[in-house]
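A.B. asks: File follows, final.pdb with PDB, C-alpha atoms:
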```
ATOM      1  CA  MET A  17       0.000   0.000   0.000
ATOM      2  CA  ARG A  18       1.392   3.369  -0.972
ATOM      3  CA  TYR A  19       0.371   5.580   1.945
ATOM      4  CA  ARG A  20       3.659   7.304   2.760
ATOM      5  CA  ARG A  21       3.223  10.111   0.258
ATOM      6  CA  LEU A  22      -0.299  10.909   1.546
ATOM      7  CA  ARG A  23       0.204  10.310   5.279
ATOM      8  CA  SER A  24       0.487  13.998   6.158
ATOM      9  CA  TRP A  25      -2.777  14.771   4.366
ATOM     10  CA  ALA A  26      -4.540  11.847   6.004
ATOM     11  CA  VAL A  27      -3.520  13.103   9.420
ATOM     12  CA  ALA A  28      -4.577  16.655   8.573
ATOM     13  CA  ALA A  29      -7.946  15.470   7.342
ATOM     14  CA  ALA A  30      -8.519  13.757  10.692
ATOM     15  CA  ALA A  31      -8.333  17.002  12.681
ATOM     16  CA  LEU A  32     -11.957  17.437  13.787
ATOM     17  CA  PRO A  33     -13.137  20.667  15.414
ATOM     18  CA  ALA A  34     -12.340  20.657  19.129
ATOM     19  CA  ALA A  35     -15.942  21.517  19.913
ATOM     20  CA  LEU A  36     -16.981  18.010  18.972
ATOM     21  CA  GLY A  37     -14.833  16.588  21.731
ATOM     22  CA  LEU A  38     -13.707  13.591  19.677
ATOM     23  CA  ALA A  39     -10.656  11.466  20.360
ATOM     24  CA  VAL A  40      -8.567  11.906  17.210
ATOM     25  CA  VAL A  41      -4.947  11.976  16.161
ATOM     26  CA  THR A  42      -3.241  15.301  16.917
ATOM     27  CA  ALA A  43      -2.827  17.042  13.594
ATOM     28  CA  PRO A  44      -2.154  20.429  12.033
ATOM     29  CA  ALA A  45      -5.191  22.543  11.294
ATOM     30  CA  ALA A  46      -6.918  21.935   7.988
ATOM     31  CA  HIS A  47      -9.664  23.893   6.261
ATOM     32  CA  ALA A  48     -12.268  21.949   4.348
ATOM     33  CA  GLU A  49     -12.941  24.789   1.913
ATOM     34  CA  ILE A  50      -9.476  24.631   0.379
ATOM     35  CA  VAL A  51      -9.985  24.000  -3.332
ATOM     36  CA  PRO A  52      -7.702  21.518  -5.108
ATOM     37  CA  GLU A  53      -5.357  22.959  -7.713
ATOM     38  CA  GLY A  54      -7.072  23.434 -11.057
ATOM     39  CA  ALA A  55     -10.640  23.329  -9.756
ATOM     40  CA  ASN A  56     -13.476  25.866  -9.615
ATOM     41  CA  ASP A  57     -12.444  28.359 -12.267
ATOM     42  CA  TRP A  58     -15.910  29.831 -12.759
ATOM     43  CA  LYS A  59     -14.797  31.622 -15.922
ATOM     44  CA  CYS A  60     -13.828  28.368 -17.667
ATOM     45  CA  LYS A  61     -15.743  27.442 -20.822
ATOM     46  CA  PRO A  62     -15.721  23.918 -22.295
ATOM     47  CA  SER A  63     -14.024  23.427 -25.646
ATOM     48  CA  PHE A  64     -15.021  21.448 -28.723
ATOM     49  CA  LEU A  65     -12.835  18.489 -27.716
ATOM     50  CA  LYS A  66     -13.613  18.829 -23.996
ATOM     51  CA  PRO A  67     -17.308  19.685 -24.198
ATOM     52  CA  ARG A  68     -18.408  18.792 -20.677
ATOM     53  CA  PRO A  69     -17.232  20.130 -17.313
ATOM     54  CA  VAL A  70     -15.973  17.525 -14.843
ATOM     55  CA  VAL A  71     -17.358  17.465 -11.302
ATOM     56  CA  LEU A  72     -15.209  15.747  -8.650
ATOM     57  CA  VAL A  73     -16.993  14.176  -5.659
ATOM     58  CA  HIS A  74     -14.907  13.119  -2.648
ATOM     59  CA  GLY A  75     -15.474  10.164  -0.326
ATOM     60  CA  THR A  76     -16.524   9.589   3.277
ATOM     61  CA  PHE A  77     -14.410  11.334   5.985
ATOM     62  CA  GLU A  78     -12.529  13.141   3.220
ATOM     63  CA  ASN A  79     -12.739  16.565   1.564
ATOM     64  CA  MET A  80     -12.114  17.891  -1.924
ATOM     65  CA  ALA A  81      -8.641  19.247  -1.146
ATOM     66  CA  PHE A  82      -7.379  15.904   0.165
ATOM     67  CA  ASN A  83      -9.156  13.683  -2.326
ATOM     68  CA  TRP A  84      -8.242  15.459  -5.553
ATOM     69  CA  GLN A  85      -4.662  16.694  -5.044
ATOM     70  CA  LYS A  86      -3.425  14.789  -8.087
ATOM     71  CA  LEU A  87      -6.427  14.300 -10.365
ATOM     72  CA  SER A  88      -7.722  17.876 -10.386
ATOM     73  CA  PRO A  89      -4.548  19.530 -11.739
ATOM     74  CA  ALA A  90      -4.099  16.674 -14.231
ATOM     75  CA  LEU A  91      -7.594  17.261 -15.616
ATOM     76  CA  LYS A  92      -7.036  21.012 -15.776
ATOM     77  CA  LYS A  93      -3.739  20.509 -17.597
ATOM     78  CA  ALA A  94      -5.548  18.264 -20.085
ATOM     79  CA  GLY A  95      -7.930  21.112 -20.913
ATOM     80  CA  TYR A  96     -11.033  20.298 -18.874
ATOM     81  CA  CYS A  97     -13.154  22.700 -16.869
ATOM     82  CA  VAL A  98     -12.860  21.096 -13.420
ATOM     83  CA  TYR A  99     -15.095  21.613 -10.409
ATOM     84  CA  ALA A 100     -15.069  20.136  -6.909
ATOM     85  CA  LEU A 101     -17.285  20.496  -3.868
ATOM     86  CA  ASN A 102     -17.419  19.581  -0.217
ATOM     87  CA  TYR A 103     -20.629  17.958   0.941
ATOM     88  CA  GLY A 104     -22.081  16.142   3.896
ATOM     89  CA  GLY A 105     -20.335  18.138   6.611
ATOM     90  CA  ALA A 106     -20.183  21.477   8.388
ATOM     91  CA  LYS A 107     -18.834  24.284   6.221
ATOM     92  CA  ASP A 108     -15.551  24.708   8.102
ATOM     93  CA  ALA A 109     -14.992  21.078   9.094
ATOM     94  CA  PRO A 110     -12.077  19.184   7.510
ATOM     95  CA  ILE A 111     -14.057  15.959   7.760
ATOM     96  CA  GLN A 112     -16.813  15.830   5.141
ATOM     97  CA  GLY A 113     -19.090  13.209   3.601
ATOM     98  CA  THR A 114     -20.645  12.006   6.847
ATOM     99  CA  ALA A 115     -24.233  13.300   6.598
ATOM    100  CA  ASP A 116     -27.296  11.464   5.305
ATOM    101  CA  ILE A 117     -26.522  10.496   1.715
ATOM    102  CA  ARG A 118     -29.886  11.708   0.428
ATOM    103  CA  THR A 119     -29.111  15.174   1.786
ATOM    104  CA  SER A 120     -25.633  15.058   0.267
ATOM    105  CA  ALA A 121     -27.158  14.166  -3.109
ATOM    106  CA  GLY A 122     -29.225  17.335  -2.851
ATOM    107  CA  GLU A 123     -26.029  19.331  -2.319
ATOM    108  CA  LEU A 124     -24.529  17.710  -5.407
ATOM    109  CA  SER A 125     -27.663  18.532  -7.393
ATOM    110  CA  ALA A 126     -27.382  22.223  -6.533
ATOM    111  CA  PHE A 127     -23.668  22.242  -7.349
ATOM    112  CA  VAL A 128     -24.165  20.583 -10.744
ATOM    113  CA  ASP A 129     -26.802  23.172 -11.610
ATOM    114  CA  LYS A 130     -24.351  25.917 -10.656
ATOM    115  CA  VAL A 131     -21.654  24.375 -12.877
ATOM    116  CA  ARG A 132     -24.054  24.013 -15.793
ATOM    117  CA  ALA A 133     -25.217  27.596 -15.452
ATOM    118  CA  SER A 134     -21.634  28.899 -15.311
ATOM    119  CA  THR A 135     -20.297  26.871 -18.251
ATOM    120  CA  GLY A 136     -23.396  26.737 -20.441
ATOM    121  CA  ALA A 137     -23.043  22.950 -20.686
ATOM    122  CA  SER A 138     -26.212  20.857 -20.694
ATOM    123  CA  LYS A 139     -24.483  17.900 -19.052
ATOM    124  CA  VAL A 140     -21.492  17.215 -16.812
ATOM    125  CA  ASP A 141     -19.238  14.226 -16.279
ATOM    126  CA  ILE A 142     -18.825  13.135 -12.659
ATOM    127  CA  VAL A 143     -15.779  11.446 -11.141
ATOM    128  CA  GLY A 144     -16.276  10.181  -7.605
ATOM    129  CA  HIS A 145     -14.219   8.279  -5.047
ATOM    130  CA  SER A 146     -15.795   5.771  -2.631
ATOM    131  CA  GLN A 147     -19.089   7.288  -1.421
ATOM    132  CA  GLY A 148     -18.512   9.954  -4.066
ATOM    133  CA  GLY A 149     -18.789   7.305  -6.759
ATOM    134  CA  MET A 150     -22.014   5.898  -5.310
ATOM    135  CA  MET A 151     -23.921   8.934  -3.996
ATOM    136  CA  PRO A 152     -24.327  10.498  -7.469
ATOM    137  CA  ARG A 153     -26.369   7.449  -8.427
ATOM    138  CA  TYR A 154     -29.034   8.583  -5.945
ATOM    139  CA  TYR A 155     -28.950  12.044  -7.543
ATOM    140  CA  MET A 156     -29.282  10.511 -11.005
ATOM    141  CA  LYS A 157     -32.068   8.134 -10.014
ATOM    142  CA  ASN A 158     -34.181  10.294  -7.711
ATOM    143  CA  LEU A 159     -33.301  13.975  -8.173
ATOM    144  CA  GLY A 160     -33.373  14.430 -11.934
ATOM    145  CA  GLY A 161     -29.646  14.009 -12.417
ATOM    146  CA  ALA A 162     -29.894  11.431 -15.201
ATOM    147  CA  ALA A 163     -30.725  14.197 -17.687
ATOM    148  CA  LYS A 164     -27.734  16.261 -16.520
ATOM    149  CA  VAL A 165     -24.972  13.632 -16.332
ATOM    150  CA  ASN A 166     -23.198  12.111 -19.321
ATOM    151  CA  LYS A 167     -20.792   9.786 -17.488
ATOM    152  CA  LEU A 168     -20.310   8.699 -13.884
ATOM    153  CA  ILE A 169     -16.814   7.380 -13.253
ATOM    154  CA  GLY A 170     -16.620   5.648  -9.880
ATOM    155  CA  ILE A 171     -13.213   5.052  -8.306
ATOM    156  CA  VAL A 172     -13.588   2.193  -5.776
ATOM    157  CA  PRO A 173     -17.245   3.195  -5.242
ATOM    158  CA  SER A 174     -19.368   1.713  -2.447
ATOM    159  CA  ASN A 175     -22.160   0.769  -4.849
ATOM    160  CA  HIS A 176     -23.303  -2.328  -2.988
ATOM    161  CA  GLY A 177     -21.876  -1.391   0.373
ATOM    162  CA  THR A 178     -19.218  -2.827   2.631
ATOM    163  CA  ASN A 179     -19.122  -4.646   5.922
ATOM    164  CA  ALA A 180     -18.794  -2.686   9.152
ATOM    165  CA  SER A 181     -15.137  -3.632   9.563
ATOM    166  CA  GLY A 182     -14.377  -1.924   6.260
ATOM    167  CA  LEU A 183     -15.821   1.354   7.524
ATOM    168  CA  VAL A 184     -13.942   1.010  10.798
ATOM    169  CA  ARG A 185     -10.782   0.496   8.754
ATOM    170  CA  LEU A 186     -11.470   3.700   6.822
ATOM    171  CA  GLY A 187     -11.991   5.585  10.074
ATOM    172  CA  SER A 188      -8.745   4.276  11.505
ATOM    173  CA  LEU A 189      -6.846   5.481   8.429
ATOM    174  CA  PHE A 190      -8.001   9.004   9.288
ATOM    175  CA  GLY A 191      -7.467   8.623  13.043
ATOM    176  CA  ILE A 192     -11.192   8.693  13.804
ATOM    177  CA  THR A 193     -12.572   6.570  16.622
ATOM    178  CA  GLN A 194     -14.663   3.532  15.743
ATOM    179  CA  ALA A 195     -17.652   5.002  17.550
ATOM    180  CA  ILE A 196     -17.668   8.005  15.224
ATOM    181  CA  VAL A 197     -17.276   5.788  12.155
ATOM    182  CA  LEU A 198     -20.385   3.876  13.127
ATOM    183  CA  ALA A 199     -22.313   6.961  14.262
ATOM    184  CA  ALA A 200     -21.913   8.955  11.027
ATOM    185  CA  PRO A 201     -25.162   8.527   9.058
ATOM    186  CA  ALA A 202     -23.382   8.058   5.724
ATOM    187  CA  ALA A 203     -21.197   5.336   7.209
ATOM    188  CA  GLY A 204     -24.177   3.335   8.394
ATOM    189  CA  GLN A 205     -25.911   3.781   5.052
ATOM    190  CA  GLN A 206     -22.926   2.197   3.291
ATOM    191  CA  ILE A 207     -23.050  -1.041   5.267
ATOM    192  CA  THR A 208     -24.090  -3.942   3.053
ATOM    193  CA  GLY A 209     -27.840  -4.514   3.199
ATOM    194  CA  SER A 210     -28.683  -1.103   4.655
ATOM    195  CA  GLU A 211     -32.125   0.338   4.000
ATOM    196  CA  PHE A 212     -30.541   3.095   1.930
ATOM    197  CA  LEU A 213     -28.654   0.692  -0.358
ATOM    198  CA  GLN A 214     -31.710  -1.503  -0.783
ATOM    199  CA  GLU A 215     -33.637   1.569  -1.920
ATOM    200  CA  LEU A 216     -30.835   2.783  -4.182
ATOM    201  CA  ASN A 217     -30.365  -0.545  -5.957
ATOM    202  CA  ALA A 218     -34.025  -1.547  -6.157
ATOM    203  CA  GLY A 219     -35.135  -1.997  -9.743
ATOM    204  CA  GLY A 220     -31.593  -2.121 -11.107
ATOM    205  CA  ASP A 221     -28.222  -0.502 -10.529
ATOM    206  CA  THR A 222     -28.498   2.087 -13.296
ATOM    207  CA  VAL A 223     -30.951   4.385 -15.008
ATOM    208  CA  PRO A 224     -31.194   4.921 -18.775
ATOM    209  CA  GLY A 225     -29.065   7.625 -20.336
ATOM    210  CA  PRO A 226     -25.786   8.085 -18.463
ATOM    211  CA  GLU A 227     -22.769   5.814 -18.892
ATOM    212  CA  TYR A 228     -21.426   4.195 -15.720
ATOM    213  CA  ILE A 229     -17.719   3.334 -15.421
ATOM    214  CA  VAL A 230     -16.214   1.631 -12.355
ATOM    215  CA  LEU A 231     -12.559   1.107 -11.429
ATOM    216  CA  ALA A 232     -11.933  -1.251  -8.493
ATOM    217  CA  THR A 233      -8.805  -2.643  -6.842
ATOM    218  CA  LYS A 234      -8.555  -6.092  -5.317
ATOM    219  CA  TYR A 235      -6.489  -4.591  -2.494
ATOM    220  CA  ASP A 236      -9.425  -2.468  -1.325
ATOM    221  CA  GLU A 237      -9.656  -2.854   2.444
ATOM    222  CA  VAL A 238     -12.607  -0.475   2.866
ATOM    223  CA  VAL A 239     -15.117  -1.488   0.191
ATOM    224  CA  THR A 240     -15.158  -5.199   0.898
ATOM    225  CA  PRO A 241     -15.428  -7.409  -0.987
ATOM    226  CA  TYR A 242     -14.023  -5.265  -3.789
ATOM    227  CA  THR A 243     -16.530  -6.772  -6.213
ATOM    228  CA  SER A 244     -19.299  -4.878  -4.406
ATOM    229  CA  ALA A 245     -18.089  -1.809  -6.300
ATOM    230  CA  PHE A 246     -19.200  -3.251  -9.625
ATOM    231  CA  LEU A 247     -22.516  -2.424 -11.274
ATOM    232  CA  ASN A 248     -24.934  -4.430 -13.362
ATOM    233  CA  GLY A 249     -26.486  -2.958 -16.492
ATOM    234  CA  THR A 250     -26.042  -2.619 -20.226
ATOM    235  CA  ASN A 251     -24.665   0.910 -19.794
ATOM    236  CA  THR A 252     -21.904  -0.116 -17.347
ATOM    237  CA  HIS A 253     -18.194  -0.830 -17.678
ATOM    238  CA  ASN A 254     -16.523  -2.605 -14.728
ATOM    239  CA  ILE A 255     -12.724  -2.732 -14.669
ATOM    240  CA  LEU A 256     -10.431  -4.310 -12.060
ATOM    241  CA  LEU A 257      -7.145  -2.441 -11.832
ATOM    242  CA  GLN A 258      -5.077  -5.600 -11.394
ATOM    243  CA  ASP A 259      -6.547  -7.198 -14.527
ATOM    244  CA  LYS A 260      -4.715  -4.463 -16.423
ATOM    245  CA  CYS A 261      -1.780  -3.728 -14.114
ATOM    246  CA  PRO A 262      -1.112  -6.855 -11.995
ATOM    247  CA  ASN A 263       1.698  -5.228 -10.008
ATOM    248  CA  ASP A 264      -0.339  -2.207  -8.945
ATOM    249  CA  THR A 265      -1.025  -2.678  -5.219
ATOM    250  CA  ASN A 266      -2.836   0.575  -4.504
ATOM    251  CA  ALA A 267      -5.752   0.233  -2.105
ATOM    252  CA  HIS A 268      -8.743   2.411  -1.181
ATOM    253  CA  LEU A 269      -6.933   5.679  -0.411
ATOM    254  CA  GLY A 270      -3.718   5.143  -2.341
ATOM    255  CA  ILE A 271      -5.611   4.848  -5.613
ATOM    256  CA  ASN A 272      -6.332   8.592  -5.405
ATOM    257  CA  PHE A 273      -2.617   9.172  -6.021
ATOM    258  CA  ASP A 274      -2.089   6.435  -8.604
ATOM    259  CA  PRO A 275      -0.898   7.665 -12.040
ATOM    260  CA  VAL A 276      -2.649   4.667 -13.594
ATOM    261  CA  MET A 277      -5.968   5.825 -12.117
ATOM    262  CA  ILE A 278      -5.385   9.345 -13.408
ATOM    263  CA  LYS A 279      -4.711   8.088 -16.924
ATOM    264  CA  PHE A 280      -7.741   5.807 -16.684
ATOM    265  CA  VAL A 281      -9.964   8.782 -15.837
ATOM    266  CA  LEU A 282      -8.474  10.864 -18.651
ATOM    267  CA  ASN A 283      -9.102   8.029 -21.109
ATOM    268  CA  SER A 284     -12.629   7.480 -19.798
ATOM    269  CA  LEU A 285     -13.509  11.155 -20.201
ATOM    270  CA  ASP A 286     -12.015  11.424 -23.674
ATOM    271  CA  ILE A 287     -14.761  11.538 -26.304
ATOM    272  CA  TRP A 288     -12.630   9.204 -28.441
ATOM    273  CA  GLY A 289     -11.710   6.729 -25.666
ATOM    274  CA  PRO A 290     -10.705   4.001 -25.022
ATOM    275  CA  TYR A 291     -10.298   3.264 -21.297
ATOM    276  CA  TRP A 292      -7.237   1.104 -22.005
ATOM    277  CA  PRO A 293      -4.471   0.351 -23.073
ATOM    278  CA  ILE A 294      -2.380   2.164 -20.482
ATOM    279  CA  ASP A 295       1.338   1.765 -19.883
ATOM    280  CA  CYS A 296       1.293   0.537 -16.282
ATOM    281  CA  ALA A 297       4.945   1.450 -15.784
ATOM    282  CA  LYS A 298       4.648   5.039 -16.993
ATOM    283  CA  PRO A 299       0.972   5.801 -17.635
ATOM    284  CA  LEU A 300       1.257   9.588 -17.850
ATOM    285  CA  GLY A 301       4.131   9.528 -20.302
TER     286      GLY A 301
END
```
Reformat the file's structure so that it appears as structure tokens.
C.D. replies:
Amino acid sequence: MRYRRLRSWAVAAAALPAALGLAVVTAPAAHAEIVPEGANDWKCKPSFLKPRPVVLVHGTFENMAFNWQKLSPALKKAGYCVYALNYGGAKDAPIQGTADIRTSAGELSAFVDKVRASTGASKVDIVGHSQGGMMPRYYMKNLGGAAKVNKLIGIVPSNHGTNASGLVRLGSLFGITQAIVLAAPAAGQQITGSEFLQELNAGGDTVPGPEYIVLATKYDEVVTPYTSAFLNGTNTHNILLQDKCPNDTNAHLGINFDPVMIKFVLNSLDIWGPYWPIDCAKPLG
């Protein structure tokens, strides 16, 4: 697992407001409203070859600045209009993505409308990590998002949930106590068999219109088993990282910093495609 290069950010992201009185790892102050490099240029206009803005949706206990340190500037450099939001947490809290997922989907809906209004685009492409790859499906199914989303690219998404130990593992990576992991509404809703997931997946995993793309890793220790990330449907594409790059050992958090993942997203967004082939040794050239 390649956590050394992101350890300082993981610790910073675990610094909860003192008012909550939580037992967490001592960490430098972090501000959840920090925007990742390349994101939220509200003057950006899509081009002919990059016709849709890209909306980045972080995962549980994360925030946009931590989650998209590498992908956001790579997308901007490639010519995309890139946007990111924090959701599911207090405005100034470094820990986000913990609130009821239905409420978070409403926040995403409002943000997508803002992006569409700013860019003039009729549809966006969404890239989401973990909960951020699953929550947009609620928006697309129940809040009118299907008509506004062209592609949903899920990076290790919790589409069919995980067991409780997986969520505890995620909490421990951020220095959050197990009690808080289990108490956060979004965490409970991502446990396999939860009422929320039964509702979300009832009648099929997808809705007509958007394209669904999933990238999973067999080393995922949070979304377990890793196959629970995959979707069923004629408009889905499920890809296991190790089927393409057998020596890539990135897990749930490390995949956010994986050059192979970044190239995969760039290929998936490209109007010409394809998702692969990618040079696993030097995917960004």
A.B. asks: If you apply the PyMOL selection byres ((chain A and resi 268-270) around 9) to this file, what residues do you get, as an MDAnalysis selection string?
C.D. replies: chainID A and resid 17:19 21:22 83 145:146 171:172 186 189 232:233 235:239 265:267 271:274
A.B. asks: Within 6 Å of Met150 in chain A, counting only C-alpha atoms, which residues qualify if same-chain residues fewer than 2 places away don't, as a list in words?
C.D. replies: Gln147, Gly148, Pro152, Arg153, Pro173, Ser174 and Asn175 of chain A
A.B. asks: Which is closer to Lys157 in chain A than all the others in A:Asp129, A:Glu211, A:Asp221, A:Glu78, using all atoms listed in the file?
C.D. replies: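 So, comparing all the options, the nearest one is A:Asp221.
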A.B. asks: Might you pull out every residue within 9 Å of Cys296 in chain A, with only C-alpha atoms counted and same-chain residues fewer than 6 positions away left off, and present them as a list in words?
C.D. replies: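 Surrounding residues, per the criterion: Lys260, Cys261, Pro262, Asn263, Asp264, Pro275 and Val276 of chain A.
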A.B. asks: When distances are computed from all atoms listed in the file, which of A:Ala94, A:Ile287, A:Ile192, A:Ile111 shows the smallest separation from Arg68 in chain A?
C.D. replies: A:Ile287
A.B. asks: Could you work out how far CA of Ala162 in chain A lies from CA of Lys66 in chain A, giving the answer in Å with one decimal?
C.D. replies: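 Computing the Euclidean distance for CA of Lys66 in chain A and CA of Ala162 in chain A yields 19.9 Å.
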A.B. asks: Distance cut-off 6 Å, centre (-13.3, 5.0, -17.6) in file coordinates, counting only C-alpha atoms: which residues qualify? Return them as a PyMOL selection string.
C.D. replies: chain A and resi 229+280-281+284+291
A.B. asks: With only C-alpha atoms as the atoms that count, which of A:Asn179, A:Val73, A:Lys279, A:Met151 lies nearest to Thr240 in chain A?
C.D. replies: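 Residue with the minimum atom-to-atom distance to Thr240 in chain A: A:Asn179.
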A.B. asks: Name the residues that the PyMOL selection byres ((chain A and resi 140) around 9) picks from the file above, as a list in words, using the file's chain letters and numbers.
C.D. replies: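 So the PyMOL selection byres ((chain A and resi 140) around 9), applied here, picks out Pro67, Arg68, Pro69, Val70, Val71, Val128, Val131, Arg132, Ala137, Ser138, Lys139, Asp141, Ile142, Lys164, Val165, Asn166 and Lys167 of chain A.
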A.B. asks: Give me the residues within 12 Å of Gln205 in chain A as a ChimeraX atom specification, counting only C-alpha atoms and dropping any in the same chain fewer than 2 places off.
C.D. replies: /A:76,113-118,147,150-151,174-180,183,197-203,207-216
A.B. asks: Taking the file as I've supplied it (selection: the PyMOL selection byres ((chain A and resi 246-248) around 8)), which residues are included? Please answer as a PyMOL selection string.
C.D. replies: chain A and resi 175-176+220-222+230+232+243-245+249-250+252-254
A.B. asks: Tell me which of A:Gln112, A:Asn79, A:Thr135, A:Lys86 sits closest to Lys59 in chain A, counting only C-alpha atoms.
C.D. replies: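 Of the candidates, the smallest distance to Lys59 in chain A is held by A:Thr135.
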A.B. asks: Using all atoms listed in the file - which residues lie no farther than 10 Å from the point (-8.6, -3.7, -21.2) in the file's frame? Write them as an MDAnalysis selection string.
C.D. replies: chainID A and resid 255:257 259:261 290:294
A.B. asks: Output C-alpha atoms for every residue in the selection just made, as a PDB file, in the coordinates of the input.
C.D. replies:
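Result saved to selection-v2.pdb:
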```
ATOM      1  CA  ILE A 255     -12.724  -2.732 -14.669  1.00  0.00           C
ATOM      2  CA  LEU A 256     -10.431  -4.310 -12.060  1.00  0.00           C
ATOM      3  CA  LEU A 257      -7.145  -2.441 -11.832  1.00  0.00           C
ATOM      4  CA  ASP A 259      -6.547  -7.198 -14.527  1.00  0.00           C
ATOM      5  CA  LYS A 260      -4.715  -4.463 -16.423  1.00  0.00           C
ATOM      6  CA  CYS A 261      -1.780  -3.728 -14.114  1.00  0.00           C
ATOM      7  CA  PRO A 290     -10.705   4.001 -25.022  1.00  0.00           C
ATOM      8  CA  TYR A 291     -10.298   3.264 -21.297  1.00  0.00           C
ATOM      9  CA  TRP A 292      -7.237   1.104 -22.005  1.00  0.00           C
ATOM     10  CA  PRO A 293      -4.471   0.351 -23.073  1.00  0.00           C
ATOM     11  CA  ILE A 294      -2.380   2.164 -20.482  1.00  0.00           C
TER      12      ILE A 294
END
```
A.B. asks: Distance CA of Pro299 in chain A-CA of Met277 in chain A, one decimal place?
C.D. replies: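 A separation of 8.9 Å between them.
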A.B. asks: What lies within 9 Å of Ser63 in chain A using all atoms listed in the file, ignoring chain neighbours under 6 positions off, as a list of chain:residue names?
C.D. replies: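 Contacts, with the query itself left out: A:Gly95, A:Tyr96, A:Cys97.
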